[in-house]
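Asker: The following block contains the structure, expressed as structure tokens.
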Amino acid sequence: MSSPGNEIRITLPDGSVRTTTRGSTGADVAASIGAGLAKAALAVKVDGELKDLDWPIQKDAKVEIVTRKSEEALDLIRHDTAHLLAQAVQALYPGTQVTIGPNIEDGFFYDFARNEPFTPDDLPKIEAKMRELVAADLPTKRTVWERDKAVAHFRGLGEQYKAEIIQDLPANEEVRVYYHGDWHDLCRGPHLMSTAKIGLGFKLTKIAGAYWRGDAKNAQLQRIYGTAWRDEKELAAHLQRLEEAEKRDHRKIGKEMHLFHIQEEATGQVFWHPKGWALYRTVENYIRRKIERGGYNEVKTPQLIDRKLWEESGHWENYRPNMFIAEVDEGTDHARRILAVKPMNCPGHVQIFKQGLKSYRDLPLRLAEFGACHRYEPSGALHGIMRVRSFVQDDAHIFCTEEQIVDETKKFVELLTEVYRELGFESFITKLATRPELRGGTEAQWDHAETALENACKTIGLPYTINPGEGTFYAPKLEFVLRDAIGRDWQCGTIQLDYVLPERLDAEYIAEDGNRRRPVMLHRAIVGSLERFIGVLIEHHAGKFPVWLAPVQAVVATIVSDADAYAKEVTAHLKLSGLRVETDLRNEKINYKVREHSLAKVPYLLVAGRKEAEERTISIRRLGSEKQETMSLDALTNLLIAESTPPDLR
RNA sequence: GCUGUUGUAGCGUAGUGGUAGCGCAACGCCUUGGUAAGGCGUAGGUCGUGGGUUCAAUUCCCACCAACAGCACCA
């Protein structure tokens with residue numbers, strides 16, 4: 001229903017309708033509503049699409065004026081700030097080529113090609129230039145170019161990357177070039193109407209190398225990251241959040257709480273200290289109970305396995321660069337034997353499966369292992385205990401029939417959800433990684449496998465997103481992702497459907513009809529690597545673990561030395577109940593002890609003074625509370641036992 | 001692996017071409033104090049490793065190792 005002639009009908013978000021001339025802009029509409037709105041307007045949404053404020057509206061449409069308060073404002077501001085960054089960089093460092101500058105979470109980046117490296121000292125200079133450009137209030141102007149002319153123009157300026165981008169634009173897409181003052185850049189838009197609209201809520205945060213088009217085979221560009229907000233107050237709040245996140249860093253807390261360390265002579269491997277190992281074992285034993293009850297059989301397979309098996313499994317061909325190789329002299333004829341330290345547990349589990357003929361009645365057969373795996377990870381990938389070269393997976397392989405896939409997947413996802421919940425993770429992300437370009441197996445197998453994973457998510461009501469083309473070459477997979485304190489995502493759990501390995505390693509079972517069949521193999525892990533998971537756990541709780549996980553669950557601290565004997569007795573008593581308790585008899589004041597153990601994040605401080613020793617009681621103070629509570633030794637023991645009981649045993 | 005930055009006592013840090021300070025922790029002495037740092041004192045460092053320049057290197061240069069941030073890779 002279009003209006004006649006030069007009139008068009010504009011529908012505003014409140015449902016009201018206005019008539020205006022064809023070709024009116026968002027700015028016109030805003031002005032017609034009020035001067036305040038006209039001033040506040042940043043852009044306009046026409047039928048749901050973000051447009052420049054001076055975009056002529058040609059037909060009846062729903063129109064919404066976007067202001068600083070709108071949700072879209074941040075995206076607009078960030079994108080304009082990216083342009084501002086590029087403009088500042090080219091002003092300060094002539095000859096620098098611009099490439100792309102998209103928005104990311106909390107900000108933006110822009111990739112530049114320049115022979116000289118940027119240094120951290122450059123950031124304040126660039127930032128100052130950006131502020132200058134904001135103050136100059138440079139007007140934005142949108143122009144549309146003919147494609148060949150644009151390519152020639154940018155090439156003439158020495159902007160090879162931009163020229164390449166224009167050439168690769170879809171044929172039906174308009175080539176738009178935006179001017180901010182004299183400076184111009186290829187861009188789809190929309191943009192704010194002037195640099196002043198950006199405001200000063202931005203900050204450049206870091207410099208890094210990044211490959212052109214994300215491919216390590218291409219040239220490496222220099223990326224400058226920034227964050228941008230509606231105003232300086234929002235920026236300050238964001239920086240504050242980052243600081244808070246840093247305090248949760250598992251590497252920092254791991255050191256402070258004496259959980260583990262890593263040193264040069266064993267990079268990418270963890271030295272677990274007594275306290276960290278207590279935490280580790282608590283998690284491991286918990287998982288062990290969960291899988292035992294889930295119908296798994298725990299096994300243990302060798303660390304060093306002959307090259308021959310890895311050749312059969314395909315690892316020698318596909319995974320060799322990541323494998324640690326051991327070579328031994330067999331003694332005679334200089335015969336060398338080559339073994340590989342296992343990077344995965346699957347081939348070992350297939351060997352166990354193959355011992356003795358299996359019947360369909362044996363399936364599903366679930367073999368689990370806390371398997372220590374070694375992988376030679378690139379040095380730049382190492383990160384605390386989250387990404388290491390030696391780690392233990394809560395690994396298991398389910399050998400089953402085609403028909404059992406859906407049920408087994410469902411059971412696994414239920415188990416995983418329960419474990420995450422019991423360990424304190426109410427929210428996690430699930431991704432379904434589907435068939436990649438390079439893949440084995442038939443289309444029917446892939447259809448079946450992907451559907452099975454999808455059905456499992458649906459039947460238990462687990463929300464998931466599709467991660468297209470990210471499956472492994474042999475299988476689609478579900479990925480379970482936990483987020484760390486600094487906003488980084490870590491894939492922990494996974495389940496993958498594998499048709500290839502049973503084939504390569506010749507696993508089979510006797511089916512109901514008496515024929516030999518290949519089992520399907522489900523590779524699955526709940527926490528993934530114990531090391532990584534504990535890292536996530538540390539950051540998730542910021543070191544303030546629930547009592548059952550806490551490395552030290554309580555400290556008995558004395559006020560006067562007269563209470564020493566009683567304090568020792570209390571500690572011994574609690575230890576007999578299986579609690580992790582320490583005694584602090586030091587010649588320090590109680591204030592000092594309270595402070596120290598609070599900072600050490602001990603959940604319970606048990607204070608013993610003369611009074612408690614006489615009355616055989618204890619004064620307790622919980623971490624995070626200033627309240628004191630005095631109770632009998634028996635009551636205390638019961639309380640601590642209750643709180644330290646793992647969630648699955650309650 | 002790539003780009004950039006960094007590497008000083010257990011931890012956190014200052015500093016300089018003339019062989020190193022501070023805070024916390026540790027240890028000793030005094031203090032026995034009722035819920036977030038009591039006082040005084042002592043000890044601890046071949047300044048990541050190896051070369052080079054220099055009369056002299058922790059400081060300047062080179063190489064290597066490691067850590068950190070991002071990229072790429074991944075549990």
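We label chains A, B, ... in the order they appear in the structure tokens, count residues from 1 in each chain, and number ligands from 1 in the order shown.
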Using DSSP on the backbone coordinates, identify the residues of region 499-603 of chain A assigned to strand (DSSP E or B); present them as a list of chain:residue names.

Answerer: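 Strand (DSSP E or B) members of region 499-603 of chain A, listed: A:Tyr509, A:Ile510, A:Arg516, A:Arg517, A:Val520, A:Met521, A:Leu522, A:His523, A:Arg524, A:Ala525, A:Ile526, A:Val527, A:Gly528, A:Ser529, A:Ala554, A:Val555, A:Val556, A:Ala557, A:Thr558, A:Val581, A:Glu582, A:Thr583, A:Asp584.
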
Asker: Just need the residues of chain B within 10 Å of chain A, counting only C-alpha atoms (C1' of nucleotides), so spit them out as number ranges by chain.

Answerer: B: 1-5, 11, 31-38, 48, 65-75

Asker: If you run DSSP on the backbone, which residues of region 424-577 of chain A are helix (DSSP H, G or I), as JSON, numbers by chain?

Answerer: {"A": [443, 444, 445, 446, 447, 448, 449, 450, 451, 452, 453, 454, 455, 456, 457, 458, 459, 500, 501, 502, 503, 504, 530, 531, 532, 533, 534, 535, 536, 537, 538, 539, 540, 541, 561, 562, 563, 564, 565, 566, 567, 568, 569, 570, 571, 572, 573, 574, 575, 576]}

Asker: Need to verify the contact set: region 286-297 of chain A, 10 Å, only C-alpha atoms (C1' of nucleotides), exclusion of same-chain residues closer than 3 positions in sequence. Can you return it as a tab-separated table (two decimals) with N, CA, C and O atoms, in the first residue's frame?

Answerer:
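The resulting around.tsv:
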chain	number	residue	atom	x	y	z
A	280	TYR	N	42.76	-31.47	42.39
A	280	TYR	CA	42.75	-32.33	41.21
A	280	TYR	C	42.13	-33.69	41.53
A	280	TYR	O	41.26	-34.18	40.82
A	281	ARG	N	42.61	-34.28	42.63
A	281	ARG	CA	42.12	-35.62	42.99
A	281	ARG	C	40.65	-35.59	43.35
A	281	ARG	O	39.90	-36.53	43.09
A	282	THR	N	40.23	-34.51	43.98
A	282	THR	CA	38.81	-34.39	44.34
A	282	THR	C	37.96	-34.41	43.06
A	282	THR	O	36.93	-35.10	43.00
A	283	VAL	N	38.39	-33.66	42.07
A	283	VAL	CA	37.64	-33.62	40.81
A	283	VAL	C	37.70	-34.98	40.12
A	283	VAL	O	36.68	-35.51	39.67
A	364	PRO	N	26.14	-51.50	24.25
A	364	PRO	CA	27.30	-50.62	24.14
A	364	PRO	C	28.37	-50.95	25.18
A	364	PRO	O	28.04	-51.18	26.33
A	365	LEU	N	29.60	-50.94	24.76
A	365	LEU	CA	30.72	-51.15	25.66
A	365	LEU	C	31.40	-49.81	25.88
A	365	LEU	O	31.84	-49.17	24.93
A	366	ARG	N	31.45	-49.40	27.13
A	366	ARG	CA	31.99	-48.06	27.42
A	366	ARG	C	33.30	-48.17	28.18
A	366	ARG	O	33.31	-48.54	29.34
A	367	LEU	N	34.40	-47.85	27.50
A	367	LEU	CA	35.72	-47.92	28.12
A	367	LEU	C	36.20	-46.53	28.47
A	367	LEU	O	36.31	-45.67	27.60
A	368	ALA	N	36.49	-46.32	29.76
A	368	ALA	CA	36.90	-44.99	30.22
A	368	ALA	C	38.33	-45.03	30.72
A	368	ALA	O	38.80	-46.06	31.21
A	369	GLU	N	39.01	-43.90	30.57
A	369	GLU	CA	40.38	-43.83	31.08
A	369	GLU	C	40.73	-42.39	31.44
A	369	GLU	O	40.42	-41.47	30.68
A	370	PHE	N	41.37	-42.24	32.59
A	370	PHE	CA	41.99	-40.95	32.88
A	370	PHE	C	43.34	-41.01	32.20
A	370	PHE	O	44.35	-41.31	32.81
A	394	ASP	N	39.43	-36.95	30.80
A	394	ASP	CA	38.45	-37.89	31.34
A	394	ASP	C	37.80	-38.52	30.10
A	394	ASP	O	36.67	-38.28	29.77
A	396	ALA	N	36.63	-41.38	27.25
A	396	ALA	CA	36.00	-42.68	27.15
A	396	ALA	C	35.57	-42.91	25.72
A	396	ALA	O	35.35	-41.95	24.97
A	397	HIS	N	35.51	-44.17	25.35
A	397	HIS	CA	35.04	-44.52	24.02
A	397	HIS	C	33.90	-45.51	24.16
A	397	HIS	O	34.04	-46.50	24.86
A	398	ILE	N	32.82	-45.15	23.53
A	398	ILE	CA	31.65	-46.02	23.59
A	398	ILE	C	31.57	-46.78	22.27
A	398	ILE	O	31.45	-46.17	21.21
A	411	LYS	N	22.27	-40.03	26.66
A	411	LYS	CA	22.76	-40.37	28.01
A	411	LYS	C	23.98	-39.56	28.36
A	411	LYS	O	24.14	-39.08	29.48
A	412	PHE	N	24.87	-39.42	27.38
A	412	PHE	CA	26.09	-38.68	27.64
A	412	PHE	C	25.81	-37.21	27.94
A	412	PHE	O	26.32	-36.64	28.90
A	415	LEU	N	24.51	-36.80	31.36
A	415	LEU	CA	25.56	-36.95	32.36
A	415	LEU	C	26.41	-35.68	32.44
A	415	LEU	O	26.71	-35.17	33.52
A	416	LEU	N	26.77	-35.18	31.28
A	416	LEU	CA	27.60	-33.98	31.22
A	416	LEU	C	26.90	-32.78	31.86
A	416	LEU	O	27.49	-32.03	32.64
A	418	GLU	N	24.65	-32.78	34.10
A	418	GLU	CA	24.60	-32.99	35.55
A	418	GLU	C	25.95	-32.66	36.19
A	418	GLU	O	26.03	-32.00	37.22
A	419	VAL	N	27.02	-33.13	35.57
A	419	VAL	CA	28.36	-32.88	36.11
A	419	VAL	C	28.66	-31.38	36.14
A	419	VAL	O	29.12	-30.85	37.14
A	423	LEU	N	29.27	-29.12	39.46
A	423	LEU	CA	30.55	-28.46	39.65
A	423	LEU	C	30.41	-26.94	39.63
A	423	LEU	O	31.39	-26.22	39.70
A	526	ILE	N	33.93	-35.33	29.33
A	526	ILE	CA	33.04	-34.36	29.98
A	526	ILE	C	33.80	-33.09	30.33
A	526	ILE	O	33.47	-32.01	29.87
A	527	VAL	N	34.84	-33.23	31.14
A	527	VAL	CA	35.60	-32.03	31.47
A	527	VAL	C	36.71	-31.79	30.45
A	527	VAL	O	37.31	-30.72	30.42
A	646	PRO	N	30.86	-34.36	48.59
A	646	PRO	CA	30.67	-34.03	47.16
A	646	PRO	C	29.19	-34.09	46.79
A	646	PRO	O	28.44	-34.89	47.36
A	647	PRO	N	28.76	-33.26	45.85
A	647	PRO	CA	27.33	-33.14	45.53
A	647	PRO	C	26.69	-34.46	45.13
A	647	PRO	O	25.51	-34.66	45.37
A	648	ASP	N	27.45	-35.37	44.55
A	648	ASP	CA	26.86	-36.63	44.11
A	648	ASP	C	26.64	-37.59	45.26
A	648	ASP	O	26.00	-38.62	45.09
A	649	LEU	N	27.20	-37.29	46.42
A	649	LEU	CA	27.06	-38.21	47.55
A	649	LEU	C	26.11	-37.67	48.61
A	649	LEU	O	25.95	-38.24	49.68

Asker: Hey, what's within 9 Å of U16 (chain B) if we count only C-alpha atoms (C1' of nucleotides) and toss same-chain stuff fewer than 2 positions away? As a list in words, please?

Answerer: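 Here the qualifying residues turn out to be A20, U58 and U59 of chain B.
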
Asker: Restricting it to N, CA, C and O atoms (P, O5', C5', C4', C3', O3' and C1' of nucleotides), dump the selection as a PDB file, in the first residue's frame.

Answerer:
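Contents of result-v1.pdb, freshly written:
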ATOM      1  P     A B  20      76.462  -4.492  44.025  1.00  0.00           P
ATOM      2  O5'   A B  20      75.681  -3.152  44.412  1.00  0.00           O
ATOM      3  C5'   A B  20      74.665  -3.188  45.403  1.00  0.00           C
ATOM      4  C4'   A B  20      73.362  -2.786  44.759  1.00  0.00           C
ATOM      5  C3'   A B  20      72.157  -3.075  45.645  1.00  0.00           C
ATOM      6  O3'   A B  20      71.904  -1.892  46.406  1.00  0.00           O
ATOM      7  C1'   A B  20      71.779  -3.895  43.446  1.00  0.00           C
ATOM      8  P     U B  58      76.975  -8.210  34.459  1.00  0.00           P
ATOM      9  O5'   U B  58      75.546  -8.231  33.811  1.00  0.00           O
ATOM     10  C5'   U B  58      74.457  -8.953  34.347  1.00  0.00           C
ATOM     11  C4'   U B  58      73.234  -8.086  34.361  1.00  0.00           C
ATOM     12  C3'   U B  58      73.279  -6.863  33.456  1.00  0.00           C
ATOM     13  O3'   U B  58      72.898  -7.193  32.136  1.00  0.00           O
ATOM     14  C1'   U B  58      72.479  -6.255  35.601  1.00  0.00           C
ATOM     15  P     U B  59      73.483  -6.438  30.851  1.00  0.00           P
ATOM     16  O5'   U B  59      72.877  -4.970  31.003  1.00  0.00           O
ATOM     17  C5'   U B  59      71.467  -4.746  30.886  1.00  0.00           C
ATOM     18  C4'   U B  59      71.148  -3.294  31.142  1.00  0.00           C
ATOM     19  C3'   U B  59      71.746  -2.332  30.123  1.00  0.00           C
ATOM     20  O3'   U B  59      70.801  -1.353  29.737  1.00  0.00           O
ATOM     21  C1'   U B  59      72.487  -1.766  32.298  1.00  0.00           C
TER      22        U B  59
END

Asker: Go through A:Leu633, A:Glu159, A:Leu37, A:His315 one by one, measure the shortest atom-to-atom distance of each to Leu574 (chain A) using only C-alpha atoms, and give the residue with the smallest value.

Answerer: A:Leu633

Asker: Mind giving me the straight-line distance from CA of His153 (chain A) to CA of His79 (chain A) in Å, one decimal?

Answerer: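 Separation between CA of His153 (chain A) and CA of His79 (chain A): 23.4 Å.
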
Asker: Between CA of Thr20 (chain A) and CA of Leu74 (chain A), what distance in Å does the model show, to one decimal?

Answerer: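 For CA of Thr20 (chain A) relative to CA of Leu74 (chain A), the distance reads 29.2 Å.
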
Asker: Can you pull out the residues contacting U54 (chain B)? Cut-off 10 Å, using only C-alpha atoms (C1' of nucleotides), and skip same-chain residues under 3 positions away; I want them as a ChimeraX atom specification.

Answerer: /B:17,57,60

Asker: Please identify all polymer residues within 7 Å of Leu623 (chain A), counting only C-alpha atoms (C1' of nucleotides), omitting same-chain residues fewer than 3 positions from it, and present them as a compact mmCIF listing (two decimals) with all heavy atoms, in the first residue's frame.

Answerer:
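Output (around09.txt):
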# COMPACT_ATOMS: atom_id res chain seq x y z
N SER A 598 41.83 -15.45 55.33
CA SER A 598 40.78 -14.93 54.46
C SER A 598 41.34 -14.70 53.08
O SER A 598 40.74 -15.06 52.07
CB SER A 598 40.21 -13.62 55.01
OG SER A 598 39.61 -13.84 56.27
N LYS A 601 41.73 -17.62 51.07
CA LYS A 601 40.45 -18.16 50.61
C LYS A 601 40.06 -19.48 51.26
O LYS A 601 39.44 -20.34 50.65
CB LYS A 601 40.45 -18.29 49.09
CG LYS A 601 40.75 -16.97 48.39
CD LYS A 601 40.93 -17.13 46.89
CE LYS A 601 41.15 -15.83 46.18
NZ LYS A 601 42.44 -15.20 46.42
N VAL A 602 40.44 -19.64 52.53
CA VAL A 602 40.05 -20.84 53.27
C VAL A 602 38.59 -20.67 53.70
O VAL A 602 38.25 -19.66 54.31
CB VAL A 602 40.94 -21.01 54.52
CG1 VAL A 602 40.49 -22.18 55.36
CG2 VAL A 602 42.39 -21.16 54.10
N PRO A 603 37.72 -21.63 53.36
CA PRO A 603 36.29 -21.45 53.62
C PRO A 603 35.93 -21.30 55.10
O PRO A 603 35.05 -20.54 55.44
CB PRO A 603 35.64 -22.71 53.05
CG PRO A 603 36.68 -23.41 52.25
CD PRO A 603 38.02 -22.88 52.63
N TYR A 604 36.62 -22.05 55.97
CA TYR A 604 36.27 -21.98 57.39
C TYR A 604 37.48 -21.67 58.24
O TYR A 604 38.49 -22.37 58.18
CB TYR A 604 35.69 -23.31 57.87
CG TYR A 604 34.23 -23.46 57.54
CD1 TYR A 604 33.83 -24.19 56.44
CD2 TYR A 604 33.28 -22.85 58.36
CE1 TYR A 604 32.48 -24.31 56.13
CE2 TYR A 604 31.93 -22.97 58.06
CZ TYR A 604 31.53 -23.70 56.95
OH TYR A 604 30.21 -23.80 56.66

Asker: Which residues are close to C64 (chain B), i.e. within 12 Å by only C-alpha atoms (C1' of nucleotides), leaving aside same-chain residues fewer than 3 positions away? Reply as number ranges by chain.

Answerer: B: 48-51

Asker: Let me see the file: selected residues, all heavy atoms, as a PDB file, in the first residue's frame.

Answerer:
ATOM      1  P     G B  48      68.123 -11.244  34.288  1.00  0.00           P
ATOM      2  OP1   G B  48      69.090 -10.677  33.336  1.00  0.00           O
ATOM      3  OP2   G B  48      66.749 -10.747  34.363  1.00  0.00           O
ATOM      4  O5'   G B  48      68.099 -12.820  34.032  1.00  0.00           O
ATOM      5  C5'   G B  48      67.586 -13.713  35.009  1.00  0.00           C
ATOM      6  C4'   G B  48      67.443 -15.068  34.372  1.00  0.00           C
ATOM      7  O4'   G B  48      66.392 -15.003  33.377  1.00  0.00           O
ATOM      8  C3'   G B  48      68.661 -15.565  33.616  1.00  0.00           C
ATOM      9  O3'   G B  48      69.574 -16.214  34.475  1.00  0.00           O
ATOM     10  C2'   G B  48      68.052 -16.522  32.605  1.00  0.00           C
ATOM     11  O2'   G B  48      67.752 -17.765  33.200  1.00  0.00           O
ATOM     12  C1'   G B  48      66.745 -15.813  32.269  1.00  0.00           C
ATOM     13  N9    G B  48      66.839 -14.952  31.095  1.00  0.00           N
ATOM     14  C8    G B  48      66.613 -13.598  31.037  1.00  0.00           C
ATOM     15  N7    G B  48      66.767 -13.096  29.844  1.00  0.00           N
ATOM     16  C5    G B  48      67.115 -14.185  29.054  1.00  0.00           C
ATOM     17  C6    G B  48      67.400 -14.262  27.666  1.00  0.00           C
ATOM     18  O6    G B  48      67.404 -13.353  26.832  1.00  0.00           O
ATOM     19  N1    G B  48      67.709 -15.557  27.276  1.00  0.00           N
ATOM     20  C2    G B  48      67.738 -16.643  28.108  1.00  0.00           C
ATOM     21  N2    G B  48      68.067 -17.799  27.544  1.00  0.00           N
ATOM     22  N3    G B  48      67.471 -16.591  29.403  1.00  0.00           N
ATOM     23  C4    G B  48      67.168 -15.338  29.808  1.00  0.00           C
ATOM     24  P     U B  49      71.173 -16.024  34.256  1.00  0.00           P
ATOM     25  OP1   U B  49      71.834 -16.570  35.458  1.00  0.00           O
ATOM     26  OP2   U B  49      71.402 -14.630  33.827  1.00  0.00           O
ATOM     27  O5'   U B  49      71.496 -16.975  33.014  1.00  0.00           O
ATOM     28  C5'   U B  49      71.300 -18.386  33.100  1.00  0.00           C
ATOM     29  C4'   U B  49      71.614 -19.019  31.767  1.00  0.00           C
ATOM     30  O4'   U B  49      70.605 -18.622  30.809  1.00  0.00           O
ATOM     31  C3'   U B  49      72.914 -18.568  31.124  1.00  0.00           C
ATOM     32  O3'   U B  49      74.037 -19.262  31.633  1.00  0.00           O
ATOM     33  C2'   U B  49      72.660 -18.886  29.654  1.00  0.00           C
ATOM     34  O2'   U B  49      72.783 -20.267  29.392  1.00  0.00           O
ATOM     35  C1'   U B  49      71.193 -18.486  29.521  1.00  0.00           C
ATOM     36  N1    U B  49      71.036 -17.084  29.074  1.00  0.00           N
ATOM     37  C2    U B  49      71.180 -16.834  27.719  1.00  0.00           C
ATOM     38  O2    U B  49      71.438 -17.698  26.917  1.00  0.00           O
ATOM     39  N3    U B  49      71.018 -15.519  27.358  1.00  0.00           N
ATOM     40  C4    U B  49      70.729 -14.454  28.188  1.00  0.00           C
ATOM     41  O4    U B  49      70.604 -13.331  27.712  1.00  0.00           O
ATOM     42  C5    U B  49      70.600 -14.786  29.566  1.00  0.00           C
ATOM     43  C6    U B  49      70.757 -16.071  29.959  1.00  0.00           C
ATOM     44  P     G B  50      75.477 -18.506  31.631  1.00  0.00           P
ATOM     45  OP1   G B  50      76.415 -19.408  32.325  1.00  0.00           O
ATOM     46  OP2   G B  50      75.301 -17.107  32.098  1.00  0.00           O
ATOM     47  O5'   G B  50      75.858 -18.452  30.081  1.00  0.00           O
ATOM     48  C5'   G B  50      76.098 -19.667  29.380  1.00  0.00           C
ATOM     49  C4'   G B  50      76.320 -19.382  27.926  1.00  0.00           C
ATOM     50  O4'   G B  50      75.114 -18.836  27.338  1.00  0.00           O
ATOM     51  C3'   G B  50      77.362 -18.328  27.609  1.00  0.00           C
ATOM     52  O3'   G B  50      78.680 -18.825  27.716  1.00  0.00           O
ATOM     53  C2'   G B  50      76.981 -17.942  26.181  1.00  0.00           C
ATOM     54  O2'   G B  50      77.400 -18.909  25.255  1.00  0.00           O
ATOM     55  C1'   G B  50      75.459 -17.951  26.286  1.00  0.00           C
ATOM     56  N9    G B  50      74.940 -16.612  26.589  1.00  0.00           N
ATOM     57  C8    G B  50      74.597 -16.092  27.815  1.00  0.00           C
ATOM     58  N7    G B  50      74.170 -14.856  27.742  1.00  0.00           N
ATOM     59  C5    G B  50      74.241 -14.546  26.390  1.00  0.00           C
ATOM     60  C6    G B  50      73.907 -13.338  25.697  1.00  0.00           C
ATOM     61  O6    G B  50      73.475 -12.276  26.155  1.00  0.00           O
ATOM     62  N1    G B  50      74.143 -13.463  24.331  1.00  0.00           N
ATOM     63  C2    G B  50      74.611 -14.586  23.706  1.00  0.00           C
ATOM     64  N2    G B  50      74.774 -14.500  22.384  1.00  0.00           N
ATOM     65  N3    G B  50      74.927 -15.707  24.332  1.00  0.00           N
ATOM     66  C4    G B  50      74.707 -15.620  25.667  1.00  0.00           C
ATOM     67  P     G B  51      79.933 -17.793  27.662  1.00  0.00           P
ATOM     68  OP1   G B  51      81.125 -18.488  28.138  1.00  0.00           O
ATOM     69  OP2   G B  51      79.510 -16.509  28.303  1.00  0.00           O
ATOM     70  O5'   G B  51      80.073 -17.513  26.102  1.00  0.00           O
ATOM     71  C5'   G B  51      80.724 -16.349  25.681  1.00  0.00           C
ATOM     72  C4'   G B  51      80.302 -16.000  24.278  1.00  0.00           C
ATOM     73  O4'   G B  51      78.852 -15.947  24.207  1.00  0.00           O
ATOM     74  C3'   G B  51      80.750 -14.621  23.849  1.00  0.00           C
ATOM     75  O3'   G B  51      82.084 -14.638  23.381  1.00  0.00           O
ATOM     76  C2'   G B  51      79.718 -14.252  22.792  1.00  0.00           C
ATOM     77  O2'   G B  51      79.968 -14.912  21.573  1.00  0.00           O
ATOM     78  C1'   G B  51      78.458 -14.811  23.444  1.00  0.00           C
ATOM     79  N9    G B  51      77.858 -13.837  24.363  1.00  0.00           N
ATOM     80  C8    G B  51      77.714 -13.967  25.730  1.00  0.00           C
ATOM     81  N7    G B  51      77.153 -12.935  26.295  1.00  0.00           N
ATOM     82  C5    G B  51      76.908 -12.056  25.240  1.00  0.00           C
ATOM     83  C6    G B  51      76.325 -10.764  25.228  1.00  0.00           C
ATOM     84  O6    G B  51      75.881 -10.112  26.184  1.00  0.00           O
ATOM     85  N1    G B  51      76.278 -10.230  23.950  1.00  0.00           N
ATOM     86  C2    G B  51      76.732 -10.861  22.815  1.00  0.00           C
ATOM     87  N2    G B  51      76.600 -10.175  21.674  1.00  0.00           N
ATOM     88  N3    G B  51      77.291 -12.069  22.807  1.00  0.00           N
ATOM     89  C4    G B  51      77.335 -12.599  24.044  1.00  0.00           C
TER      90        G B  51
END
